[in-house]
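A.B. asks: Input file: upload.cif. Contents: mmCIF, C-alpha atoms and all ligand atoms.
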```
data_my_file
loop_
_atom_site.label_atom_id
_atom_site.label_comp_id
_atom_site.auth_asym_id
_atom_site.auth_seq_id
_atom_site.Cartn_x
_atom_site.Cartn_y
_atom_site.Cartn_z
CA MET A 1 100.48 65.18 80.73
CA ALA A 2 97.47 67.45 80.19
CA GLU A 3 96.75 67.81 76.46
CA LEU A 4 96.56 71.42 75.29
CA SER A 5 96.33 72.60 71.72
CA SER A 6 96.05 76.32 72.45
CA ILE A 7 96.98 78.70 75.26
CA ASP A 8 96.02 82.38 75.40
CA ILE A 9 97.99 84.60 77.76
CA VAL A 10 96.60 88.02 78.65
CA GLY A 11 99.47 90.36 79.52
CA GLY A 12 103.06 90.53 78.30
CA GLY A 13 104.63 91.55 81.62
CA PRO A 14 107.31 89.41 83.29
CA GLY A 15 104.73 86.85 84.48
CA GLY A 16 102.94 86.43 81.15
CA LEU A 17 106.13 86.20 79.09
CA THR A 18 107.71 83.69 81.48
CA ALA A 19 104.55 81.59 81.27
CA ALA A 20 104.71 81.79 77.45
CA ILE A 21 108.34 80.63 77.34
CA LEU A 22 107.80 77.71 79.70
CA ALA A 23 104.53 76.72 78.01
CA ALA A 24 106.28 76.70 74.62
CA ARG A 25 108.86 74.29 76.03
CA ALA A 26 106.32 72.07 77.80
CA PHE A 27 103.72 72.04 74.98
CA PRO A 28 105.72 72.44 71.75
CA ALA A 29 102.75 71.55 69.52
CA ALA A 30 100.35 74.06 71.11
CA ARG A 31 99.44 77.47 69.63
CA ILE A 32 100.55 79.95 72.26
CA THR A 33 99.55 83.62 72.02
CA VAL A 34 100.45 86.52 74.29
CA HIS A 35 98.10 89.53 74.10
CA GLU A 36 99.74 92.73 75.34
CA ALA A 37 97.92 96.06 75.46
CA ALA A 38 101.06 98.23 75.25
CA PRO A 39 102.94 98.65 71.96
CA ARG A 40 106.17 96.67 71.54
CA GLY A 41 109.06 98.35 73.33
CA VAL A 42 106.87 100.38 75.70
CA THR A 43 106.37 99.88 79.42
CA TRP A 44 106.05 101.87 82.65
CA GLY A 45 108.68 102.43 85.33
CA PHE A 46 112.45 102.05 85.21
CA GLY A 47 114.62 99.30 86.76
CA VAL A 48 113.57 96.52 89.15
CA VAL A 49 115.62 94.78 91.83
CA PHE A 50 115.84 91.12 92.71
CA SER A 51 117.46 89.67 95.83
CA ASP A 52 121.17 88.87 95.49
CA ARG A 53 120.22 85.37 94.35
CA ALA A 54 118.79 87.23 91.35
CA LEU A 55 117.27 84.80 88.88
CA ASP A 56 118.52 81.56 90.48
CA PHE A 57 114.88 80.46 90.72
CA LEU A 58 114.71 80.36 86.91
CA LYS A 59 117.91 78.41 86.35
CA ALA A 60 116.51 74.92 86.87
CA ASP A 61 113.40 75.42 84.73
CA ASP A 62 114.86 77.47 81.90
CA PRO A 63 118.66 77.85 82.00
CA GLU A 64 118.73 79.44 78.53
CA THR A 65 116.50 82.36 79.56
CA HIS A 66 118.41 82.69 82.82
CA ASP A 67 121.69 82.92 80.90
CA LEU A 68 120.30 85.60 78.57
CA ILE A 69 119.26 87.85 81.48
CA ALA A 70 121.90 87.25 84.17
CA PRO A 71 124.84 88.97 82.40
CA ARG A 72 122.71 92.09 81.84
CA MET A 73 122.08 92.62 85.55
CA GLU A 74 123.81 95.12 87.82
CA ARG A 75 124.87 93.57 91.15
CA TRP A 76 126.16 94.79 94.50
CA GLN A 77 126.83 93.34 97.96
CA ASN A 78 125.95 96.12 100.40
CA MET A 79 123.06 98.44 101.06
CA VAL A 80 123.34 102.04 102.28
CA LEU A 81 120.92 103.90 104.56
CA ASN A 82 121.37 107.67 104.40
CA HIS A 83 119.89 108.84 107.69
CA PRO A 84 119.97 112.67 108.06
CA ASP A 85 122.45 112.30 110.96
CA GLY A 86 124.79 109.86 109.21
CA ALA A 87 125.00 107.05 106.67
CA VAL A 88 125.01 103.38 107.71
CA THR A 89 126.21 100.57 105.45
CA LEU A 90 124.44 97.23 105.76
CA ASP A 91 127.03 94.75 104.54
CA GLY A 92 125.92 91.46 103.03
CA ILE A 93 122.50 92.73 101.90
CA GLY A 94 123.04 92.44 98.18
CA PHE A 95 120.68 92.84 95.27
CA ALA A 96 120.70 92.53 91.49
CA ALA A 97 118.81 94.83 89.14
CA ILE A 98 117.78 95.21 85.51
CA GLY A 99 115.70 97.68 83.52
CA ARG A 100 112.08 96.54 83.30
CA LEU A 101 112.03 97.23 79.56
CA GLU A 102 115.28 95.35 79.00
CA LEU A 103 113.94 92.34 80.94
CA LEU A 104 110.69 92.35 78.94
CA THR A 105 112.58 92.69 75.64
CA ILE A 106 114.78 89.68 76.42
CA LEU A 107 111.77 87.59 77.50
CA ALA A 108 109.75 88.63 74.42
CA GLU A 109 112.58 87.71 72.02
CA ARG A 110 113.06 84.37 73.72
CA ALA A 111 109.31 83.63 73.55
CA GLU A 112 109.24 84.46 69.84
CA ALA A 113 112.27 82.28 69.20
CA LEU A 114 110.29 79.39 70.71
CA GLY A 115 107.35 80.04 68.36
CA VAL A 116 105.05 82.08 70.64
CA ALA A 117 102.88 84.66 68.82
CA LEU A 118 103.07 88.07 70.50
CA HIS A 119 100.23 90.49 69.76
CA PHE A 120 101.19 93.96 70.96
CA GLY A 121 99.19 97.17 71.12
CA ALA A 122 95.65 95.84 71.69
CA GLU A 123 93.83 95.28 74.93
CA VAL A 124 91.84 92.06 74.76
CA ASP A 125 88.56 91.15 76.34
CA PRO A 126 89.30 87.83 78.09
CA ALA A 127 85.73 86.67 77.37
CA THR A 128 86.54 86.54 73.62
CA LEU A 129 89.49 84.14 74.03
CA THR A 130 89.13 80.49 73.03
CA GLY A 131 92.34 78.82 74.25
CA ASP A 132 92.13 75.49 76.08
CA LEU A 133 93.95 77.32 78.87
CA ILE A 134 93.72 81.07 79.46
CA ILE A 135 96.37 82.65 81.64
CA GLY A 136 95.46 85.95 83.27
CA ALA A 137 98.80 87.72 83.66
CA ASP A 138 97.25 91.13 83.18
CA GLY A 139 98.52 92.86 86.29
CA LEU A 140 96.85 94.82 89.05
CA ASN A 141 93.85 96.05 87.00
CA SER A 142 93.20 92.55 85.68
CA ARG A 143 90.07 91.94 83.62
CA CYS A 144 90.69 88.21 83.93
CA ARG A 145 90.15 88.44 87.68
CA SER A 146 86.53 88.24 88.84
CA ALA A 147 84.53 87.95 92.04
CA ALA A 148 85.09 84.19 91.72
CA ASN A 149 88.76 84.77 92.57
CA ALA A 150 87.69 86.25 95.94
CA PRO A 151 89.95 89.30 95.74
CA SER A 152 90.64 91.67 98.60
CA LEU A 153 92.11 95.06 97.62
CA THR A 154 93.14 97.92 99.92
CA HIS A 155 95.81 100.63 99.64
CA MET A 156 98.70 101.75 101.82
CA SER A 157 98.36 105.39 102.88
CA ASN A 158 101.84 106.58 101.81
CA ARG A 159 102.32 108.15 98.37
CA PHE A 160 105.09 107.21 95.97
CA ALA A 161 106.24 108.04 92.46
CA TRP A 162 108.65 105.96 90.35
CA PHE A 163 111.29 108.12 88.65
CA GLY A 164 114.57 107.34 86.91
CA THR A 165 117.84 109.24 86.83
CA PRO A 166 120.99 109.15 84.68
CA ARG A 167 123.11 108.92 87.85
CA PRO A 168 124.40 105.42 88.63
CA PHE A 169 124.40 104.79 92.40
CA TYR A 170 126.99 102.48 93.89
CA ALA A 171 124.43 100.27 95.66
CA LEU A 172 120.80 100.11 96.69
CA THR A 173 120.47 103.22 98.82
CA GLN A 174 117.67 104.61 100.94
CA THR A 175 117.94 108.36 101.46
CA PHE A 176 115.78 109.86 104.22
CA LEU A 177 115.36 113.65 104.33
CA ARG A 178 114.07 115.83 107.15
CA HIS A 179 112.06 118.78 105.90
CA PRO A 180 109.86 121.39 107.63
CA LYS A 181 106.92 120.34 105.43
CA GLY A 182 107.42 116.65 106.21
CA ALA A 183 110.02 113.90 105.73
CA LEU A 184 110.81 112.28 102.38
CA ASN A 185 112.38 108.97 101.46
CA ALA A 186 113.95 107.79 98.21
CA HIS A 187 114.77 104.19 97.23
CA HIS A 188 117.48 104.40 94.60
CA TYR A 189 119.78 101.95 92.83
CA ARG A 190 121.41 101.57 89.46
CA TYR A 191 119.86 99.08 87.04
CA ALA A 192 122.18 99.79 84.09
CA PRO A 193 125.73 101.20 83.99
CA ASP A 194 124.33 104.70 83.41
CA MET A 195 120.80 104.63 84.88
CA SER A 196 119.13 104.30 88.26
CA THR A 197 115.64 103.87 89.60
CA PHE A 198 114.62 106.64 92.03
CA ILE A 199 111.34 106.04 93.90
CA VAL A 200 110.23 108.90 96.14
CA GLU A 201 107.90 108.09 99.04
CA LEU A 202 106.12 110.34 101.57
CA GLU A 203 103.57 109.93 104.30
CA GLU A 204 100.18 111.41 103.42
CA ASP A 205 100.50 114.59 105.55
CA ALA A 206 103.91 115.37 104.04
CA PHE A 207 102.59 114.66 100.52
CA GLN A 208 99.84 117.25 101.00
CA ALA A 209 102.12 119.79 102.75
CA HIS A 210 104.68 119.66 99.90
CA GLY A 211 101.86 120.37 97.44
CA PHE A 212 102.47 117.27 95.31
CA ALA A 213 98.71 116.68 95.07
CA GLU A 214 98.47 119.77 92.84
CA MET A 215 101.55 119.02 90.70
CA GLY A 216 101.77 117.16 87.41
CA GLU A 217 104.42 114.56 86.61
CA GLU A 218 107.12 116.94 85.35
CA GLU A 219 106.70 119.48 88.15
CA SER A 220 106.82 116.67 90.73
CA ALA A 221 110.02 115.32 89.15
CA ALA A 222 111.67 118.75 89.15
CA THR A 223 110.62 119.41 92.76
CA CYS A 224 111.87 116.01 93.97
CA ALA A 225 115.16 116.51 92.06
CA GLU A 226 115.60 119.79 93.91
CA LEU A 227 114.79 118.26 97.30
CA PHE A 228 117.16 115.31 96.71
CA SER A 229 119.81 117.36 94.87
CA GLU A 230 122.57 116.28 97.26
CA ALA A 231 121.94 112.55 96.76
CA LEU A 232 121.45 113.11 93.03
CA GLU A 233 124.54 115.33 92.78
CA GLY A 234 122.43 117.63 90.63
CA ALA A 235 121.27 114.94 88.18
CA PRO A 236 117.66 115.32 86.91
CA LEU A 237 114.76 112.95 87.57
CA LEU A 238 113.14 111.44 84.49
CA THR A 239 109.51 110.38 84.21
CA ASN A 240 107.77 107.38 82.67
CA ARG A 241 104.14 107.37 83.80
CA SER A 242 105.54 108.58 87.16
CA ILE A 243 102.25 109.53 88.73
CA TRP A 244 101.80 109.61 92.51
CA ARG A 245 100.18 106.41 93.72
CA GLN A 246 99.30 104.59 96.91
CA PHE A 247 100.63 101.05 96.90
CA PRO A 248 97.84 98.49 96.40
CA LYS A 249 97.56 95.51 98.73
CA LEU A 250 95.91 92.75 96.72
CA TRP A 251 95.41 89.12 97.57
CA CYS A 252 93.11 86.58 95.90
CA GLU A 253 92.08 83.34 97.55
CA THR A 254 91.25 81.59 94.27
CA TRP A 255 93.85 81.50 91.51
CA ALA A 256 92.18 79.11 89.05
CA THR A 257 88.56 78.94 87.89
CA GLY A 258 87.37 76.82 84.94
CA THR A 259 90.06 77.07 82.26
CA MET A 260 91.44 80.38 83.59
CA ALA A 261 94.56 80.61 85.80
CA LEU A 262 95.76 83.90 87.26
CA LEU A 263 99.32 84.82 88.20
CA GLY A 264 101.50 87.75 89.27
CA ASP A 265 100.03 91.15 90.12
CA ALA A 266 96.62 89.94 88.94
CA VAL A 267 96.38 87.84 92.13
CA HIS A 268 98.76 89.51 94.61
CA THR A 269 101.02 92.50 95.10
CA ALA A 270 104.29 92.77 97.04
CA HIS A 271 105.54 96.20 98.13
CA PHE A 272 108.59 97.34 96.13
CA SER A 273 110.68 97.74 99.31
CA ILE A 274 111.47 94.03 99.27
CA GLY A 275 111.88 93.83 95.49
CA SER A 276 109.82 90.70 94.91
CA GLY A 277 106.81 91.45 92.69
CA THR A 278 108.57 90.59 89.44
CA ARG A 279 110.16 87.47 90.88
CA LEU A 280 106.82 86.33 92.34
CA ALA A 281 105.09 86.77 88.97
CA MET A 282 107.82 84.73 87.24
CA GLU A 283 107.75 82.06 89.96
CA ASP A 284 103.95 81.81 89.70
CA ALA A 285 104.40 81.19 85.97
CA ILE A 286 106.97 78.46 86.64
CA ALA A 287 104.65 76.81 89.19
CA LEU A 288 101.62 77.03 86.88
CA ILE A 289 103.27 75.47 83.85
CA ALA A 290 104.94 72.77 85.99
CA ALA A 291 101.58 71.90 87.59
CA VAL A 292 99.70 71.73 84.29
CA SER A 293 102.40 69.87 82.37
CA GLY A 294 102.86 67.41 85.24
CA ALA A 295 99.16 66.53 85.57
CA SER A 296 97.00 64.07 83.68
CA SER A 297 94.41 66.72 82.78
CA LEU A 298 94.09 70.50 82.73
CA GLU A 299 91.60 70.33 85.58
CA ALA A 300 94.02 68.32 87.75
CA GLY A 301 96.90 70.66 86.82
CA LEU A 302 94.97 73.78 87.80
CA ALA A 303 93.89 72.14 91.05
CA ALA A 304 97.55 71.34 91.78
CA TYR A 305 98.51 74.97 91.03
CA GLN A 306 95.77 76.25 93.33
CA GLN A 307 96.92 73.94 96.10
CA SER A 308 100.69 74.40 95.86
CA ARG A 309 101.47 77.97 94.81
CA PRO A 310 99.38 80.41 96.95
CA PRO A 311 100.84 79.24 100.31
CA VAL A 312 104.40 79.85 99.04
CA ALA A 313 103.55 83.26 97.59
CA ARG A 314 101.61 84.19 100.73
CA LYS A 315 104.80 84.09 102.84
CA ILE A 316 106.56 86.61 100.59
CA VAL A 317 103.46 88.81 100.35
CA THR A 318 103.14 88.85 104.15
CA GLY A 319 106.83 89.87 104.45
CA ALA A 320 106.28 92.61 101.88
CA ASN A 321 103.19 93.90 103.72
CA THR A 322 105.12 94.05 107.00
CA SER A 323 107.94 95.90 105.27
CA ALA A 324 105.44 98.35 103.75
CA GLU A 325 103.97 98.97 107.23
CA TRP A 326 107.40 100.15 108.45
CA TYR A 327 107.44 102.80 105.71
CA GLU A 328 103.98 104.03 106.71
CA SER A 329 105.62 105.71 109.70
CA PHE A 330 109.20 106.16 108.50
CA SER A 331 109.31 109.76 109.79
CA ARG A 332 108.83 108.42 113.34
CA HIS A 333 111.61 105.82 112.84
CA MET A 334 113.89 108.65 111.64
CA GLU A 335 113.78 110.14 115.15
CA GLN A 336 116.14 107.33 116.24
CA PRO A 337 119.93 107.71 115.93
CA PRO A 338 121.33 106.24 112.67
CA LEU A 339 122.42 102.82 114.01
CA ASP A 340 119.14 102.17 115.88
CA PHE A 341 117.27 103.37 112.83
CA ALA A 342 119.26 100.93 110.68
CA MET A 343 118.50 98.06 113.09
CA SER A 344 114.81 98.91 113.02
CA TYR A 345 114.97 99.02 109.21
CA VAL A 346 116.80 95.77 108.69
CA THR A 347 114.54 93.77 111.03
CA ARG A 348 111.31 95.42 109.84
CA SER A 349 109.82 92.41 108.11
CA GLY A 350 110.61 90.21 111.09
CA ARG A 351 112.37 87.85 108.72
CA VAL A 352 115.95 88.52 109.93
CA PRO A 353 116.45 87.74 113.64
CA PRO A 354 119.50 89.46 115.26
CA GLU A 355 121.57 86.26 115.45
CA LYS A 356 121.13 85.75 111.72
CA LEU A 357 122.22 89.33 111.16
CA ARG A 358 125.55 88.64 112.85
CA ALA A 359 126.28 86.07 110.15
CA LEU A 360 124.77 88.15 107.34
CA SER A 361 126.06 91.64 108.17
CA PRO A 362 129.09 91.16 110.47
CA ALA A 363 130.49 94.68 110.01
CA PHE A 364 127.16 96.39 110.68
CA MET A 365 126.43 94.20 113.71
CA ALA A 366 129.90 94.83 115.17
CA GLN A 367 129.36 98.59 114.75
CA TYR A 368 125.84 98.39 116.23
CA GLU A 369 126.80 96.23 119.22
CA ALA A 370 129.87 98.36 120.00
CA ALA A 371 127.61 101.42 120.20
CA GLN A 372 125.14 99.85 122.70
C1 LIG A 401 107.17 101.63 92.12
C2 LIG A 401 107.29 100.16 91.89
C3 LIG A 401 108.52 99.58 91.98
C4 LIG A 401 108.66 98.22 91.81
N1 LIG A 401 109.89 97.70 91.95
C5 LIG A 401 110.04 96.38 91.88
C6 LIG A 401 111.30 95.81 92.08
O1 LIG A 401 112.28 96.49 92.34
N2 LIG A 401 111.42 94.47 91.98
C7 LIG A 401 110.35 93.67 91.72
O2 LIG A 401 110.53 92.45 91.66
N3 LIG A 401 109.14 94.17 91.49
C8 LIG A 401 108.95 95.51 91.58
N4 LIG A 401 107.72 96.04 91.41
C9 LIG A 401 106.57 95.15 91.18
C10 LIG A 401 106.52 94.65 89.75
O3 LIG A 401 106.54 95.73 88.85
C11 LIG A 401 105.27 93.82 89.54
O4 LIG A 401 105.04 92.98 90.64
C12 LIG A 401 105.39 92.98 88.27
O5 LIG A 401 105.46 93.84 87.15
C13 LIG A 401 104.23 92.03 88.11
O6 LIG A 401 104.34 91.38 86.87
P1 LIG A 401 103.06 90.86 86.09
O7 LIG A 401 103.57 90.21 84.88
O8 LIG A 401 102.21 90.09 87.02
O9 LIG A 401 102.21 92.15 85.75
P2 LIG A 401 102.58 93.48 84.95
O10 LIG A 401 104.04 93.70 84.93
O11 LIG A 401 101.71 94.54 85.51
O12 LIG A 401 102.15 93.16 83.47
C14 LIG A 401 100.79 93.06 83.11
C15 LIG A 401 100.69 93.36 81.64
O13 LIG A 401 99.36 93.08 81.19
C16 LIG A 401 98.99 94.05 80.23
N5 LIG A 401 97.52 94.05 80.18
C17 LIG A 401 96.65 94.38 81.17
N6 LIG A 401 95.39 94.19 80.77
C18 LIG A 401 95.45 93.73 79.51
C19 LIG A 401 94.47 93.35 78.54
N7 LIG A 401 93.15 93.34 78.82
N8 LIG A 401 94.89 92.95 77.31
C20 LIG A 401 96.20 92.90 77.02
N9 LIG A 401 97.18 93.24 77.89
C21 LIG A 401 96.80 93.65 79.12
C22 LIG A 401 99.61 95.34 80.74
O14 LIG A 401 99.80 96.28 79.68
C23 LIG A 401 100.94 94.84 81.31
O15 LIG A 401 101.99 94.92 80.37
C24 LIG A 401 107.53 97.41 91.54
C25 LIG A 401 106.28 98.00 91.40
C26 LIG A 401 106.15 99.35 91.59
C27 LIG A 401 104.79 99.97 91.45
#
```
For this file, write the structure as structure tokens.
Ligand SMILES: Cc1cc2nc3c(=O)[nH]c(=O)nc-3n(C[C@H](O)[C@H](O)[C@H](O)COP(=O)(O)OP(=O)(O)OC[C@H]3O[C@@H](n4cnc5c(N)ncnc54)[C@H](O)[C@@H]3O)c2cc1C

C.D. replies:
Amino acid sequence: MAELSSIDIVGGGPGGLTAAILAARAFPAARITVHEAAPRGVTWGFGVVFSDRALDFLKADDPETHDLIAPRMERWQNMVLNHPDGAVTLDGIGFAAIGRLELLTILAERAEALGVALHFGAEVDPATLTGDLIIGADGLNSRCRSAANAPSLTHMSNRFAWFGTPRPFYALTQTFLRHPKGALNAHHYRYAPDMSTFIVELEEDAFQAHGFAEMGEEESAATCAELFSEALEGAPLLTNRSIWRQFPKLWCETWATGTMALLGDAVHTAHFSIGSGTRLAMEDAIALIAAVSGASSLEAGLAAYQQSRPPVARKIVTGANTSAEWYESFSRHMEQPPLDFAMSYVTRSGRVPPEKLRALSPAFMAQYEAAQ
């Protein structure tokens, strides 16, 4: 096993905290420090979804952490597409969700219980860190990432803003609205018994026509709440750094250089429509600590991480990019009748061939095939 006496982790998001927990188990004698820029108990966004297998990926490596999180998740079996001409239920497409802050709080408490030092409220300069291993888990705007990681960064053209609402939706729902100024979409699902995520997305022309470019956070929230008042049943939209953004498409070829290993959003992004960014960051952390703890030296461990993890992550990232492409022209897809629209939606990433759908979503497929 590689010998490590100190590990510095930049970033206390889901990836950094998972790395800290697993490193504390694998290297109990090492000094492990997580440096997080935000104060304790503060983060951006609302809830996040995982596939219906939720945190199964964590079970084998850290059953205790899995068991702390799993009971706090909201779960459901179906997905609903609210097309303007009628709703379609996609049976068998389940998800699980949890508040981002709640997830981070559980992970932080578990890390501290294992002896990890958490330094909140100060951004660190990675160049000042002295750990034998430095883990760059510092998200999209990573300072740990450098030209040596060979990054490529572009942005999708759609605009989105991540709101919350005190209205618990039954399942993950996509509501599509026609509007004279341009179509709107909302991805919404409950992540706690009394709270839901509500992400509003528009194509660029619609974003400009609705005037969102000139609105601040609160005005945007109030305007979106008005536009989606039927789906929201009059509930308000809440903000938490809910600025309009274009989704970044990041991929790095090199994940480990010298004593630095990158993971999560620092090396790749996955569009929120497939709900995988958090899981990917946590899985990267699992792969990194397994590679380093299973190797004879740090150098060999980082080489093993570089060789094994990017190809696995690449498949998910490619699926997420294909899914994001579908949203780039969702107003055109909305011209189809509801069942054809739903079929186009559910096969958008190319990962679910029709025959698989018959097994996965028998009720939807029966309805779709009867209408052909
Ligand atoms: C609208 C939206 C919805 C999403 N929905 C989902 C979803 O439903 N499901 C899902 O799985 N994923 C979702 N994601 C993606 C998910 O949020 C990210 O993929 C995930 O947070 C990545 O985790 P991370 O640990 O790599 O980075 P982050 O969560 O970004 O954490 C990085 C941390 O590093 C800290 N940091 C940065 N620089 C420094 C520094 N120099 N010093 C100290 N600290 C620093 C930051 O403060 C931050 O806390 C969504 C993303 C968006 C934008």

A.B. asks: Given a cut-off of 8 Å, what residues near ligand LIG 401 (chain A) show up using all atoms listed in the file, put as a PyMOL selection string?

C.D. replies: chain A and resi 10-17+35-38+43+45+47-50+97+100+120-126+137-144+160-162+199+247+263-266+269-282

A.B. asks: Determine, counting only C-alpha atoms, every residue of protein, DNA or RNA that lies within 10 Å of (111.2, 121.4, 105.9) in the file coordinates, then give the result as a list of chain:residue names.

C.D. replies: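 Selection result: A:Leu177, A:Arg178, A:His179, A:Pro180, A:Lys181, A:Gly182, A:Ala183, A:Leu184, A:Ala206, A:Ala209, A:His210, A:Leu227.
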
A.B. asks: Point out the residue among A:Leu107, A:Ala24, A:Met79, A:Ile7 with the least atom-to-atom distance to Tyr170 (chain A), counting all atoms listed in the file.

C.D. replies: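 Checking each candidate against Tyr170 (chain A), we get A:Met79 as the closest.
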
A.B. asks: Fewer than 6 positions away in the same chain doesn't count, so skip those; otherwise give me all residues within 7 Å of Glu74 (chain A), counting only C-alpha atoms, as a count of residues only.

C.D. replies: 5

A.B. asks: Could you list, with a cut-off of 10 Å and counting all atoms listed in the file, the residues of region 109-205 of chain A near region 84-94 of chain A, each shown with its nearest atom pair and the distance in Å rounded to one decimal, rows sorted by chain and ascending number, as CSV?

C.D. replies:
```
residue,atom,partner,partner_atom,distance
A:Ala171,CA,A:Gly94,CA,8.3
A:Leu172,CA,A:Gly94,CA,8.1
A:Thr173,CA,A:Thr89,CA,9.2
A:Gln174,CA,A:Ala87,CA,9.6
A:Thr175,CA,A:Pro84,CA,8.1
A:Phe176,CA,A:Pro84,CA,6.3
A:Leu177,CA,A:Pro84,CA,6.0
A:Arg178,CA,A:Pro84,CA,6.8
```

A.B. asks: Using only C-alpha atoms, can you tell me which of A:Met195, A:His268, A:Arg25, A:Gly136 comes closest to Ala113 (chain A)?

C.D. replies: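 Counting only C-alpha atoms, the residue closest to Ala113 (chain A) is A:Arg25.
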
A.B. asks: Please, what distance in Å, to one decimal, runs between CA of Glu3 (chain A) and CA of Glu253 (chain A)?

C.D. replies: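 Atom-to-atom, CA of Glu3 (chain A) and CA of Glu253 (chain A) are spaced 26.6 Å apart.
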
A.B. asks: Which residue is closest to Tyr327 (chain A)? Choose from A:Leu118, A:Val200, A:Ile135, A:Leu104 and count all atoms listed in the file.

C.D. replies: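 Closest to Tyr327 (chain A) of all the choices is A:Val200.
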
A.B. asks: Just want the 12 Å neighbourhood of Ala213 (chain A), counted on only C-alpha atoms, with same-chain residues fewer than 5 positions away dropped. Output as a PyMOL selection string.

C.D. replies: chain A and resi 159-161+202+204-208+219-220+243-245

A.B. asks: Please produce, as a Markdown table, a per-residue contact table for region 212-268 of chain A versus region 306-309 of chain A (criterion: any atom at most 8 Å away, all atoms listed in the file considered), showing the nearest atom pair and its distance in Å to one decimal, sorted by chain then residue number.

C.D. replies:
```
| residue | atom | partner | partner_atom | distance |
| --- | --- | --- | --- | --- |
| A:Thr254 | CA | A:Gln306 | CA | 7.1 |
| A:Trp255 | CA | A:Gln306 | CA | 5.9 |
| A:Ala256 | CA | A:Gln306 | CA | 6.3 |
```

A.B. asks: Enter the distance from CA of His188 (chain A) to CA of Phe95 (chain A), in Å, rounded to one decimal.

C.D. replies: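 Separating CA of His188 (chain A) from CA of Phe95 (chain A) is a distance of 12.0 Å.
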
A.B. asks: Between A:Phe163, A:Phe364, A:Phe57, A:Phe212, which one has atoms that come closest to Thr197 (chain A), using only C-alpha atoms?

C.D. replies: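 Among the listed residues, the smallest separation from Thr197 (chain A) belongs to A:Phe163.
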
A.B. asks: Skip Leu58 (chain A) itself and residues of its chain fewer than 2 positions away, then list as a PDB file with C-alpha atoms, keeping the file's coordinate frame all residues within 12 Å of it, counting only C-alpha atoms.

C.D. replies:
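Now in part-v2.pdb:
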```pdb
ATOM      1  CA  THR A  18     107.710  83.690  81.480  1.00  0.00           C
ATOM      2  CA  ALA A  19     104.550  81.590  81.270  1.00  0.00           C
ATOM      3  CA  ILE A  21     108.340  80.630  77.340  1.00  0.00           C
ATOM      4  CA  LEU A  22     107.800  77.710  79.700  1.00  0.00           C
ATOM      5  CA  ARG A  53     120.220  85.370  94.350  1.00  0.00           C
ATOM      6  CA  ALA A  54     118.790  87.230  91.350  1.00  0.00           C
ATOM      7  CA  LEU A  55     117.270  84.800  88.880  1.00  0.00           C
ATOM      8  CA  ASP A  56     118.520  81.560  90.480  1.00  0.00           C
ATOM      9  CA  ALA A  60     116.510  74.920  86.870  1.00  0.00           C
ATOM     10  CA  ASP A  61     113.400  75.420  84.730  1.00  0.00           C
ATOM     11  CA  ASP A  62     114.860  77.470  81.900  1.00  0.00           C
ATOM     12  CA  PRO A  63     118.660  77.850  82.000  1.00  0.00           C
ATOM     13  CA  GLU A  64     118.730  79.440  78.530  1.00  0.00           C
ATOM     14  CA  THR A  65     116.500  82.360  79.560  1.00  0.00           C
ATOM     15  CA  HIS A  66     118.410  82.690  82.820  1.00  0.00           C
ATOM     16  CA  ASP A  67     121.690  82.920  80.900  1.00  0.00           C
ATOM     17  CA  LEU A  68     120.300  85.600  78.570  1.00  0.00           C
ATOM     18  CA  ILE A  69     119.260  87.850  81.480  1.00  0.00           C
ATOM     19  CA  ALA A  70     121.900  87.250  84.170  1.00  0.00           C
ATOM     20  CA  ARG A 279     110.160  87.470  90.880  1.00  0.00           C
ATOM     21  CA  LEU A 280     106.820  86.330  92.340  1.00  0.00           C
ATOM     22  CA  ALA A 281     105.090  86.770  88.970  1.00  0.00           C
ATOM     23  CA  MET A 282     107.820  84.730  87.240  1.00  0.00           C
ATOM     24  CA  GLU A 283     107.750  82.060  89.960  1.00  0.00           C
ATOM     25  CA  ASP A 284     103.950  81.810  89.700  1.00  0.00           C
ATOM     26  CA  ALA A 285     104.400  81.190  85.970  1.00  0.00           C
ATOM     27  CA  ILE A 286     106.970  78.460  86.640  1.00  0.00           C
ATOM     28  CA  ALA A 287     104.650  76.810  89.190  1.00  0.00           C
TER      29      ALA A 287
END
```

A.B. asks: Which polymer residues have any atom within 10 Å of an atom of Thr154 (chain A), counting all atoms listed in the file, with same-chain residues fewer than 5 positions away left out, as a list in words?

C.D. replies: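 Listing them by chain and then by number gives Gln246, Phe247, Pro248, Lys249, Leu250 and Trp251 of chain A.
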
A.B. asks: Now that the selection is made, can you save its residues with C-alpha atoms as a PDB file, in the coordinates of the input?

C.D. replies:
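What ended up in result-v5.pdb:
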```
ATOM      1  CA  GLN A 246      99.300 104.590  96.910  1.00  0.00           C
ATOM      2  CA  PHE A 247     100.630 101.050  96.900  1.00  0.00           C
ATOM      3  CA  PRO A 248      97.840  98.490  96.400  1.00  0.00           C
ATOM      4  CA  LYS A 249      97.560  95.510  98.730  1.00  0.00           C
ATOM      5  CA  LEU A 250      95.910  92.750  96.720  1.00  0.00           C
ATOM      6  CA  TRP A 251      95.410  89.120  97.570  1.00  0.00           C
TER       7      TRP A 251
END
```

A.B. asks: Could you please determine the separation between CA of His83 (chain A) and CA of Asp340 (chain A) in Å, to one decimal place?

C.D. replies: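 Distance between the two atoms: 10.6 Å.
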
A.B. asks: Under the rule that only C-alpha atoms are counted, which of A:Met215, A:Val34, A:Ala148, A:Leu81 is the nearest residue to His187 (chain A)?

C.D. replies: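 Smallest distance to His187 (chain A) is found for A:Leu81.
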